[in-house]
Each structure stands twice: as C-alpha cells, then as structure tokens.
file work.csv (CSV, C-alpha atoms and all ligand atoms)
chain,number,residue,atom,x,y,z
A,1,MET,CA,162.3,44.6,84.4
A,2,SER,CA,158.8,45.3,83.2
A,3,PHE,CA,158.0,48.6,81.5
A,4,PRO,CA,156.0,50.9,83.9
A,5,GLN,CA,152.4,50.4,83.1
A,6,SER,CA,150.0,53.3,82.6
A,7,ARG,CA,147.5,53.2,85.5
A,8,PRO,CA,144.7,55.7,84.9
A,9,ARG,CA,142.8,54.3,87.8
A,10,ARG,CA,145.4,55.9,90.2
A,11,LEU,CA,143.7,59.2,89.6
A,12,ARG,CA,140.2,57.9,90.2
A,13,ARG,CA,140.9,56.3,93.6
A,14,THR,CA,139.5,59.0,95.9
A,15,PRO,CA,137.0,61.9,95.5
A,16,ALA,CA,139.9,64.4,96.1
A,17,LEU,CA,142.0,62.9,93.3
A,18,ARG,CA,139.0,63.0,91.0
A,19,GLU,CA,138.3,66.6,91.9
A,20,LEU,CA,141.9,67.5,91.3
A,21,ILE,CA,142.0,66.4,87.7
A,22,ARG,CA,138.4,67.3,86.8
A,23,GLU,CA,138.4,69.0,83.3
A,24,THR,CA,134.9,70.6,83.1
A,25,GLU,CA,133.3,72.8,85.7
A,26,LEU,CA,129.6,73.1,86.1
A,27,ALA,CA,128.4,75.9,88.5
A,28,PRO,CA,125.2,77.9,88.9
A,29,ARG,CA,126.8,80.8,87.1
A,30,HIS,CA,126.8,78.8,83.9
A,31,LEU,CA,123.0,78.3,84.0
A,32,ILE,CA,120.3,80.6,82.6
A,33,ALA,CA,116.8,80.0,83.9
A,34,PRO,CA,113.9,80.4,81.4
A,35,LEU,CA,110.7,81.7,82.9
A,36,PHE,CA,107.2,82.2,81.6
A,37,VAL,CA,104.8,85.0,82.6
A,38,LYS,CA,101.2,84.9,81.5
A,39,GLU,CA,98.7,87.7,81.3
A,40,GLY,CA,95.3,87.5,83.0
A,41,ILE,CA,95.7,84.7,85.5
A,42,LEU,CA,95.4,84.9,89.3
A,43,GLU,CA,97.4,81.9,90.2
A,44,PRO,CA,100.5,80.3,88.6
A,45,GLN,CA,99.5,77.5,86.2
A,46,PRO,CA,101.5,74.3,86.2
A,47,ILE,CA,102.7,73.2,82.8
A,48,ASP,CA,101.7,69.5,82.5
A,49,SER,CA,104.4,68.4,80.1
A,50,MET,CA,107.1,70.3,82.1
A,51,PRO,CA,106.7,69.1,85.7
A,52,GLY,CA,108.0,71.8,88.1
A,53,GLN,CA,107.5,74.6,85.6
A,54,HIS,CA,104.7,77.2,85.6
A,55,GLN,CA,103.2,80.0,83.7
A,56,HIS,CA,103.7,82.7,86.3
A,57,THR,CA,101.7,85.7,87.4
A,58,LEU,CA,103.7,88.8,87.9
A,59,GLU,CA,103.8,88.1,91.6
A,60,SER,CA,104.9,84.4,91.3
A,61,LEU,CA,107.4,85.4,88.7
A,62,ARG,CA,109.0,87.7,91.2
A,63,LYS,CA,109.1,85.0,93.9
A,64,GLU,CA,110.5,82.3,91.6
A,65,ALA,CA,113.2,84.6,90.2
A,66,HIS,CA,114.2,85.5,93.7
A,67,GLU,CA,114.4,81.9,94.8
A,68,ILE,CA,116.4,80.9,91.8
A,69,ALA,CA,118.8,83.9,92.2
A,70,SER,CA,119.3,83.0,95.8
A,71,LYS,CA,120.9,79.7,94.7
A,72,GLY,CA,123.5,81.5,92.6
A,73,VAL,CA,122.0,81.6,89.2
A,74,VAL,CA,122.9,84.8,87.5
A,75,ALA,CA,120.8,85.1,84.4
A,76,PHE,CA,117.2,84.7,83.3
A,77,MET,CA,115.4,84.4,80.0
A,78,LEU,CA,111.8,85.7,80.0
A,79,PHE,CA,108.9,84.6,77.7
A,80,GLY,CA,105.6,86.4,77.8
A,81,VAL,CA,102.2,84.8,77.1
A,82,PRO,CA,99.7,87.5,76.2
A,83,GLU,CA,95.9,87.3,76.5
A,84,ARG,CA,95.3,89.0,73.1
A,85,LYS,CA,96.8,87.7,69.9
A,86,ASP,CA,96.5,89.2,66.4
A,87,PRO,CA,98.0,88.5,62.9
A,88,GLN,CA,100.9,91.0,63.6
A,89,GLY,CA,101.6,90.0,67.2
A,90,SER,CA,101.3,93.6,68.3
A,91,GLU,CA,101.2,92.9,72.0
A,92,ALA,CA,104.9,92.0,71.7
A,93,TRP,CA,105.9,95.6,71.5
A,94,ASN,CA,103.2,97.1,73.6
A,95,PRO,CA,105.1,99.0,76.4
A,96,ASP,CA,102.6,97.6,78.8
A,97,GLY,CA,102.4,94.2,77.3
A,98,ILE,CA,102.9,91.2,79.6
A,99,ALA,CA,106.5,90.6,78.6
A,100,GLN,CA,107.4,94.2,79.3
A,101,ARG,CA,105.6,94.1,82.6
A,102,GLY,CA,107.4,90.9,83.5
A,103,LEU,CA,110.8,92.5,82.6
A,104,ARG,CA,110.1,95.4,84.8
A,105,VAL,CA,109.3,93.1,87.7
A,106,LEU,CA,112.5,91.1,87.2
A,107,ARG,CA,114.6,94.3,86.9
A,108,GLU,CA,113.1,95.6,90.1
A,109,GLU,CA,113.5,92.3,92.0
A,110,LEU,CA,117.0,91.4,90.8
A,111,GLY,CA,118.6,94.8,90.4
A,112,HIS,CA,121.8,94.9,88.4
A,113,ASP,CA,123.4,91.9,90.2
A,114,HIS,CA,121.6,89.7,87.7
A,115,VAL,CA,121.2,89.5,83.9
A,116,VAL,CA,117.8,89.7,82.4
A,117,VAL,CA,117.4,88.5,78.8
A,118,ALA,CA,114.1,88.9,76.9
A,119,ASP,CA,113.2,86.2,74.3
A,120,LEU,CA,112.4,88.2,71.2
A,121,CYS,CA,110.0,86.5,68.9
A,122,LEU,CA,106.4,86.8,67.6
A,123,ASP,CA,105.0,83.2,67.9
A,124,GLU,CA,103.5,83.8,71.4
A,125,TYR,CA,101.8,86.9,70.1
A,126,THR,CA,100.4,86.0,66.6
A,127,ASP,CA,97.0,84.4,66.3
A,128,HIS,CA,98.5,81.9,63.7
A,129,GLY,CA,101.4,81.0,65.9
A,130,HIS,CA,104.2,81.7,63.4
A,131,CYS,CA,107.4,83.6,64.4
A,132,GLY,CA,106.6,86.4,62.0
A,133,VAL,CA,103.9,88.1,59.9
A,134,LEU,CA,102.6,86.2,56.8
A,135,ASP,CA,102.5,87.2,53.2
A,136,ALA,CA,99.6,86.6,50.8
A,137,GLU,CA,100.6,82.9,50.3
A,138,GLY,CA,100.8,82.3,54.1
A,139,HIS,CA,104.6,82.2,54.2
A,140,VAL,CA,106.5,84.2,56.9
A,141,ASP,CA,107.6,87.5,55.3
A,142,ASN,CA,111.2,87.9,56.4
A,143,ASP,CA,111.7,91.6,56.0
A,144,ARG,CA,108.4,92.8,57.3
A,145,THR,CA,109.0,90.5,60.3
A,146,VAL,CA,112.4,92.0,61.0
A,147,GLU,CA,110.9,95.5,61.0
A,148,LEU,CA,108.6,94.3,63.8
A,149,TYR,CA,111.5,92.7,65.7
A,150,ARG,CA,113.1,96.2,65.8
A,151,ARG,CA,110.1,97.5,67.7
A,152,ILE,CA,110.1,94.6,70.1
A,153,ALA,CA,113.8,95.1,70.9
A,154,LEU,CA,113.2,98.7,71.8
A,155,ALA,CA,110.2,97.9,74.0
A,156,GLN,CA,112.0,95.1,75.8
A,157,SER,CA,115.1,97.3,76.3
A,158,VAL,CA,113.1,100.2,77.7
A,159,ALA,CA,111.4,97.8,80.1
A,160,GLY,CA,114.8,96.8,81.5
A,161,ALA,CA,116.3,93.9,79.5
A,162,ASP,CA,120.1,93.7,79.6
A,163,MET,CA,120.0,91.6,76.5
A,164,VAL,CA,117.4,90.6,73.8
A,165,GLY,CA,117.3,87.1,72.4
A,166,PRO,CA,116.0,87.0,68.9
A,167,SER,CA,114.7,83.5,68.3
A,168,GLY,CA,112.8,83.7,65.0
A,169,MET,CA,115.6,82.8,62.6
A,170,MET,CA,114.8,85.6,60.2
A,171,ASP,CA,117.7,86.6,57.9
A,172,GLY,CA,119.3,89.8,59.0
A,173,GLN,CA,117.5,90.0,62.3
A,174,VAL,CA,120.6,90.6,64.4
A,175,ALA,CA,121.9,93.5,62.2
A,176,ALA,CA,118.5,95.1,62.2
A,177,ILE,CA,118.0,94.9,65.9
A,178,ARG,CA,121.6,96.1,66.6
A,179,GLU,CA,120.9,99.1,64.4
A,180,ALA,CA,117.6,99.9,66.0
A,181,LEU,CA,119.1,99.7,69.5
A,182,ASP,CA,122.1,101.9,68.6
A,183,GLU,CA,119.9,104.5,66.9
A,184,ALA,CA,117.8,104.7,70.1
A,185,GLY,CA,120.9,105.2,72.2
A,186,LEU,CA,120.6,101.7,73.7
A,187,GLU,CA,124.1,100.6,72.8
A,188,ARG,CA,124.4,99.0,76.3
A,189,VAL,CA,121.8,96.4,75.4
A,190,GLY,CA,123.3,93.2,74.2
A,191,ILE,CA,122.1,90.5,71.8
A,192,MET,CA,122.0,86.8,72.6
A,193,ALA,CA,121.3,85.4,69.2
A,194,TYR,CA,119.6,82.1,68.7
A,195,ALA,CA,122.0,81.6,65.8
A,196,ALA,CA,121.7,77.9,65.0
A,197,LYS,CA,118.1,77.0,65.9
A,198,PHE,CA,116.9,73.8,64.4
A,199,ALA,CA,113.4,72.8,63.4
A,200,SER,CA,113.1,70.3,66.3
A,201,ALA,CA,110.5,67.9,67.7
A,202,PHE,CA,111.9,68.8,71.1
A,203,TYR,CA,110.1,72.1,71.3
A,204,GLY,CA,106.8,70.3,71.9
A,205,PRO,CA,106.2,71.0,75.6
A,206,PHE,CA,107.3,74.7,75.1
A,207,ARG,CA,104.5,75.2,72.7
A,208,GLU,CA,102.1,74.2,75.5
A,209,ALA,CA,103.9,76.5,78.0
A,210,ALA,CA,104.0,79.5,75.6
A,211,GLU,CA,100.7,78.7,73.8
A,212,CYS,CA,102.4,79.1,70.5
A,213,ALA,CA,101.9,76.0,68.4
A,214,PRO,CA,101.5,77.0,64.8
A,215,ARG,CA,97.9,76.8,63.6
A,216,PHE,CA,99.0,75.5,60.2
A,217,GLY,CA,102.3,74.2,58.7
A,218,ASP,CA,105.5,74.1,60.7
A,219,ARG,CA,108.6,76.2,61.2
A,220,SER,CA,110.9,74.4,58.7
A,221,GLY,CA,110.7,77.4,56.4
A,222,TYR,CA,112.8,79.4,58.8
A,223,GLN,CA,114.3,77.1,61.4
A,224,MET,CA,117.3,74.9,60.4
A,225,ASP,CA,117.2,71.5,58.9
A,226,PRO,CA,118.5,69.0,61.5
A,227,PRO,CA,121.1,67.3,59.3
A,228,ASN,CA,123.1,70.5,58.6
A,229,SER,CA,126.1,71.4,60.6
A,230,ASP,CA,128.2,73.4,58.0
A,231,GLU,CA,125.2,75.6,57.6
A,232,ALA,CA,124.9,76.0,61.4
A,233,ILE,CA,128.5,77.4,61.4
A,234,ARG,CA,127.6,79.8,58.6
A,235,GLU,CA,124.5,81.0,60.5
A,236,ILE,CA,126.6,81.5,63.6
A,237,ARG,CA,129.3,83.4,61.7
A,238,ALA,CA,126.7,85.6,60.1
A,239,ASP,CA,125.2,86.5,63.5
A,240,ILE,CA,128.6,87.3,64.9
A,241,GLU,CA,129.3,89.6,61.9
A,242,GLU,CA,125.9,91.3,62.4
A,243,GLY,CA,126.8,92.2,66.0
A,244,ALA,CA,125.7,89.3,68.2
A,245,ASP,CA,127.3,89.4,71.7
A,246,ILE,CA,126.6,85.7,72.5
A,247,VAL,CA,125.5,83.1,70.0
A,248,MET,CA,123.4,80.1,70.8
A,249,VAL,CA,122.8,76.5,69.5
A,250,LYS,CA,119.4,75.0,70.1
A,251,PRO,CA,118.4,72.3,71.1
A,252,ALA,CA,121.4,71.1,73.0
A,253,LEU,CA,121.6,67.3,73.4
A,254,PRO,CA,120.9,66.2,69.8
A,255,TYR,CA,123.3,69.0,68.6
A,256,LEU,CA,126.3,68.6,70.9
A,257,ASP,CA,128.5,68.1,67.8
A,258,VAL,CA,127.4,71.5,66.5
A,259,VAL,CA,128.1,73.0,70.0
A,260,ARG,CA,131.7,71.6,69.8
A,261,ARG,CA,132.2,72.8,66.2
A,262,ALA,CA,130.8,76.3,67.0
A,263,LYS,CA,133.2,76.7,70.0
A,264,ASP,CA,136.3,75.4,68.2
A,265,GLU,CA,135.7,77.4,65.0
A,266,THR,CA,134.6,80.7,66.5
A,267,ARG,CA,135.9,80.9,70.1
A,268,PHE,CA,133.0,83.2,70.7
A,269,PRO,CA,130.8,83.3,73.8
A,270,LEU,CA,128.5,80.4,73.3
A,271,ALA,CA,125.2,79.3,74.8
A,272,ALA,CA,123.2,76.1,74.3
A,273,TYR,CA,119.5,75.7,75.0
A,274,ASN,CA,118.6,72.5,76.8
A,275,VAL,CA,115.0,72.7,75.5
A,276,SER,CA,111.6,71.8,76.9
A,277,GLY,CA,111.5,68.3,75.3
A,278,GLU,CA,114.9,67.4,76.7
A,279,TYR,CA,113.6,68.5,80.1
A,280,ALA,CA,110.3,66.6,79.7
A,281,MET,CA,111.9,63.3,78.8
A,282,LEU,CA,114.2,63.3,81.7
A,283,LYS,CA,111.5,64.3,84.1
A,284,ALA,CA,109.2,61.6,82.8
A,285,ALA,CA,111.8,58.9,83.2
A,286,ALA,CA,112.7,60.2,86.7
A,287,ARG,CA,109.0,60.2,87.7
A,288,ASN,CA,108.8,56.6,86.7
A,289,GLY,CA,111.8,55.7,88.8
A,290,TRP,CA,113.7,54.8,85.7
A,291,LEU,CA,116.5,57.3,86.2
A,292,ASP,CA,118.1,59.0,89.2
A,293,GLU,CA,117.1,62.6,88.4
A,294,ARG,CA,119.9,64.3,90.1
A,295,ARG,CA,122.7,62.3,88.6
A,296,ALA,CA,121.0,62.4,85.1
A,297,VAL,CA,120.5,66.2,85.2
A,298,LEU,CA,124.0,66.9,86.3
A,299,GLU,CA,125.5,64.5,83.8
A,300,VAL,CA,123.4,66.1,81.0
A,301,LEU,CA,124.4,69.7,81.9
A,302,THR,CA,128.0,68.7,82.3
A,303,SER,CA,127.9,67.1,78.8
A,304,ILE,CA,126.7,70.4,77.3
A,305,ARG,CA,129.5,72.3,79.1
A,306,ARG,CA,132.0,69.7,78.0
A,307,ALA,CA,130.9,70.0,74.4
A,308,GLY,CA,132.0,73.7,74.6
A,309,ALA,CA,129.0,75.8,75.8
A,310,ASP,CA,129.9,78.6,78.1
A,311,LEU,CA,126.3,78.9,79.2
A,312,VAL,CA,123.3,76.5,79.4
A,313,LEU,CA,119.7,77.6,79.2
A,314,THR,CA,117.8,75.0,81.2
A,315,TYR,CA,114.6,74.5,83.1
A,316,HIS,CA,116.7,72.4,85.5
A,317,ALA,CA,118.5,75.6,86.6
A,318,LYS,CA,116.8,75.9,90.1
A,319,ASP,CA,117.3,72.2,91.0
A,320,ALA,CA,120.8,72.0,89.5
A,321,ALA,CA,122.0,75.1,91.3
A,322,ASP,CA,120.6,73.6,94.5
A,323,TRP,CA,122.4,70.3,94.0
A,324,LEU,CA,125.7,72.1,93.0
A,325,THR,CA,125.8,74.2,96.0
A,326,GLY,CA,123.9,72.1,98.6
B,1,LIG,C1,110.2,80.7,69.7
B,1,LIG,C2,110.9,79.8,70.7
B,1,LIG,C3,110.7,78.4,70.9
B,1,LIG,C4,111.5,78.0,71.9
B,1,LIG,C5,112.1,79.1,72.4
B,1,LIG,N1,111.7,80.2,71.6
B,1,LIG,C6,109.7,77.5,70.2
B,1,LIG,C7,109.7,77.2,68.8
B,1,LIG,O1,110.6,77.6,68.0
B,1,LIG,O2,108.7,76.6,68.4
B,1,LIG,C8,111.6,76.6,72.4
B,1,LIG,C9,112.2,76.5,73.8
B,1,LIG,C10,112.0,75.1,74.4
B,1,LIG,O3,111.5,74.2,73.7
B,1,LIG,O4,112.3,75.0,75.5
B,1,LIG,N2,109.9,81.9,70.3
call {"tool": "encode", "arguments": {"input": "work.csv", "output": "structure tokens", "more": "lines below"}}
Ligand code: PBG
result
Amino acid sequence: MSFPQSRPRRLRRTPALRELIRETELAPRHLIAPLFVKEGILEPQPIDSMPGQHQHTLESLRKEAHEIASKGVVAFMLFGVPERKDPQGSEAWNPDGIAQRGLRVLREELGHDHVVVADLCLDEYTDHGHCGVLDAEGHVDNDRTVELYRRIALAQSVAGADMVGPSGMMDGQVAAIREALDEAGLERVGIMAYAAKFASAFYGPFREAAECAPRFGDRSGYQMDPPNSDEAIREIRADIEEGADIVMVKPALPYLDVVRRAKDETRFPLAAYNVSGEYAMLKAAARNGWLDERRAVLEVLTSIRRAGADLVLTYHAKDAADWLTG
C-alpha cells in the first residue's frame, strides 16, 4: 500500500474550489481613490505620465468622485493644486483655498456614506516645492512646519474632511495635529498618518500631477532612507503613540516587506499607498501590449492586501472596482 500522496491540485481544479479556499479578499471597500483638484482651470487636464488621471476642476471632481463611488469605493484622498504659491505655502490653510473648496464639493456630493481624507502637506503650496518652511540654510524647519500643519488640519476639517493625512514626515506632526484638532472641538476628525514614507523615485509622476517637484535638493532630509525597515517600525509605533488612527506605508510594491512587518508587529489599521510611479509603469507596459492590464492590476492590488494592508490607496481604484464588481 502506498502512502496517500498530498495533492494540492485537487483544490485548484474548478473556479468554485479555488474560490472556496481563497485566503485574501480584494473588494472595492479596500480601495482609496486619490484625486487632484486644480485651481484656475476650466477643463480637466490629463496628466501625461498617469494615463487616465486628471487634474480636476471642481465640477469634474464632483463627477469623477460620483462615478468612482457608484462602483463601491468608499474612501477618497484629495490633493489640491493652488494657483498661487509662496515660501510658507499659505494657500494650504486658506478657508477658501482650492483644497478646502474641493473638500466641500466632495462632502456635498458624497454625504456621509463615504469617507473623505485630505492630504496634509505643504509641497503643493510652497514656491520652493518642499514639504515645509525653510530655515536660513535652506533646510526644512521641523517645528515651524508642524505649527503650519496644525492650521492646515483645522482648515481641512472645517471644510469637511473626515480624516487628515499628514504626509510631510516631520517629527511630532501627528501629536501636534491631534492636539490642534482636539483643542478646536474636532475630536471626531481622524488622522491617517503617512507613517513610513520613503524617499522614493516612484513619486515622479505625482510631482507632475501636483506640480510640487522641489526646486532644489530632494526630500531625503525628511523622508525615510529606502534600506531601513526597523526604523520604519519605529516611525509607525511613534505615530500610533501620538494618536494616529490609521498608519500608512508608502510606496507599496518596493516595501511589501515593511507592510508585512508593520501588520504583524502592530496589528493596527494599516494602509499602503500604491504610488504614481507604480501606476505609471504598469500603465506604460499595458499600453505597449506587454502586460494584460486587468490581470496585472488585480494581482498587484491583491499582493498589497496579502502583505497585510487593510487599505490600498491606488489610482487604479475606479478600474479595479469595476473589474471586481462587473
Ligand atoms: C507629498 C506627497 C507626495 C505623494 C503624496 N503626498 C509626493 C512626494 O513626497 O514627493 C506621492 C504620491 C504618489 O506618488 O502617488 N505631499
């Protein structure tokens, strides 16, 4: 008598068997759609390096959000692109600045059945393109920048954000924003912290989309060094202690090991940002006919979920939600 052989293929034989034992679920509710709204344009502007994505007018923002929401996506992340930039980035906390107007439009369009998150940073608003204000030597001044982040958090919350997403990687930013919100009676507003954000080449297309490439230098004085994963865990723990409600790893694909560690070591609500460069390379290959876009996108998004992310910020949200429900 021969010993009964293990036959893993038995469970792969039919779609029903495969569905029965599937370990990772990917659904529209796991996706967060990033959107850009730009001041002073009359028509939505296509972003060349991100095919399918636009800088929106307030009106096209409303339509796009509506369409994405109709496919089952629950949450949105909004970026504003102002007309006027200055050294401080003061449009970022203008109650009538473009981001705040965009937030009001989303709130109005989506009601409270959806979650609206405001990216909270200064790089789209400063004339030098850095994520904070500069000191005399041209370095980003951490503490003065954090003071400005407090103002932005209040303006975004008053405009209707359910959560703010500080993405500048300043030390102490989460604690300061939490304090500012609580002092203003905005305890209900949450913080989705870009906790482990790496200084990545994969943000290239975003800098076209948000018109925020630094005029000099780079962001490696505040964003994380790509080789470091212990440090990423320390950053994530610090943000949790400071009061973050959801923590994020960014980018996603080159950092799936960090995503897995973050989930295992914290068991905290975790998001991963499938960034502009990850989107652009897949789109480019698909356009050349080198990849099957649908299969590649769903495989990528599943891999991010499998690595341990509860939520995936992705420019593929609309298409993916369509494929997942269609
Ligand atoms: C900074 C910010 C960036 C992204 C989101 N927030 C760019 C940067 O750090 O240069 C990148 C997102 C993407 O590439 O999709 N406010």
call {"tool": "residues_around", "arguments": {"input": "work.csv", "residues": "Leu298 (chain A)", "least_positions_apart": "6", "cutoff": "12 Å", "atoms": "only C-alpha atoms", "output": "ChimeraX atom specification"}}
result
/A:24-28,31,282,292,304-306,312,314,316-317,319-324
call {"tool": "residues_near_ligand", "arguments": {"input": "work.csv", "ligand": "ligand LIG 1 (chain B)", "cutoff": "8 Å", "atoms": "only C-alpha atoms and all ligand atoms", "output": "count of residues only"}}
result
31
call {"tool": "atom_distance", "arguments": {"input": "work.csv", "atom1": "CA of Glu211 (chain A)", "atom2": "CA of Leu134 (chain A)"}}
result
18.7 Å
call {"tool": "atom_distance", "arguments": {"input": "work.csv", "atom1": "CA of Ala180 (chain A)", "atom2": "CA of Trp93 (chain A)"}}
result
13.6 Å
call {"tool": "closest_residue", "arguments": {"input": "work.csv", "among": "A:Arg62, A:Arg12, A:Arg29, A:Lys250", "to": "Pro44 (chain A)", "atoms": "only C-alpha atoms"}}
result
A:Arg62
call {"tool": "residues_around", "arguments": {"input": "work.csv", "residues": "region 86-92 of chain A", "least_positions_apart": "3", "cutoff": "6 Å", "atoms": "only C-alpha atoms", "output": "list in words"}}
result
Gly97, Leu122, Tyr125, Thr126, Asp127 and Val133 of chain A
call {"tool": "atom_distance", "arguments": {"input": "work.csv", "atom1": "CA of Val117 (chain A)", "atom2": "CA of Lys283 (chain A)"}}
result
25.5 Å
call {"tool": "residues_around", "arguments": {"input": "work.csv", "residues": "Arg144 (chain A)", "least_positions_apart": "2", "cutoff": "12 Å", "atoms": "all atoms listed in the file", "output": "short mmCIF file (atom, residue, chain, number, x, y, z; two decimals) with C-alpha atoms, keeping the file's coordinate frame"}}
result
data_model
loop_
_atom_site.label_atom_id
_atom_site.label_comp_id
_atom_site.auth_asym_id
_atom_site.auth_seq_id
_atom_site.Cartn_x
_atom_site.Cartn_y
_atom_site.Cartn_z
CA GLN A 88 100.90 91.00 63.60
CA CYS A 131 107.40 83.60 64.40
CA GLY A 132 106.60 86.40 62.00
CA VAL A 133 103.90 88.10 59.90
CA LEU A 134 102.60 86.20 56.80
CA ASP A 135 102.50 87.20 53.20
CA HIS A 139 104.60 82.20 54.20
CA VAL A 140 106.50 84.20 56.90
CA ASP A 141 107.60 87.50 55.30
CA ASN A 142 111.20 87.90 56.40
CA VAL A 146 112.40 92.00 61.00
CA GLU A 147 110.90 95.50 61.00
CA LEU A 148 108.60 94.30 63.80
CA TYR A 149 111.50 92.70 65.70
CA ARG A 150 113.10 96.20 65.80
CA ARG A 151 110.10 97.50 67.70
CA MET A 170 114.80 85.60 60.20
CA ASP A 171 117.70 86.60 57.90
CA GLY A 172 119.30 89.80 59.00
CA GLN A 173 117.50 90.00 62.30
CA ALA A 176 118.50 95.10 62.20
#
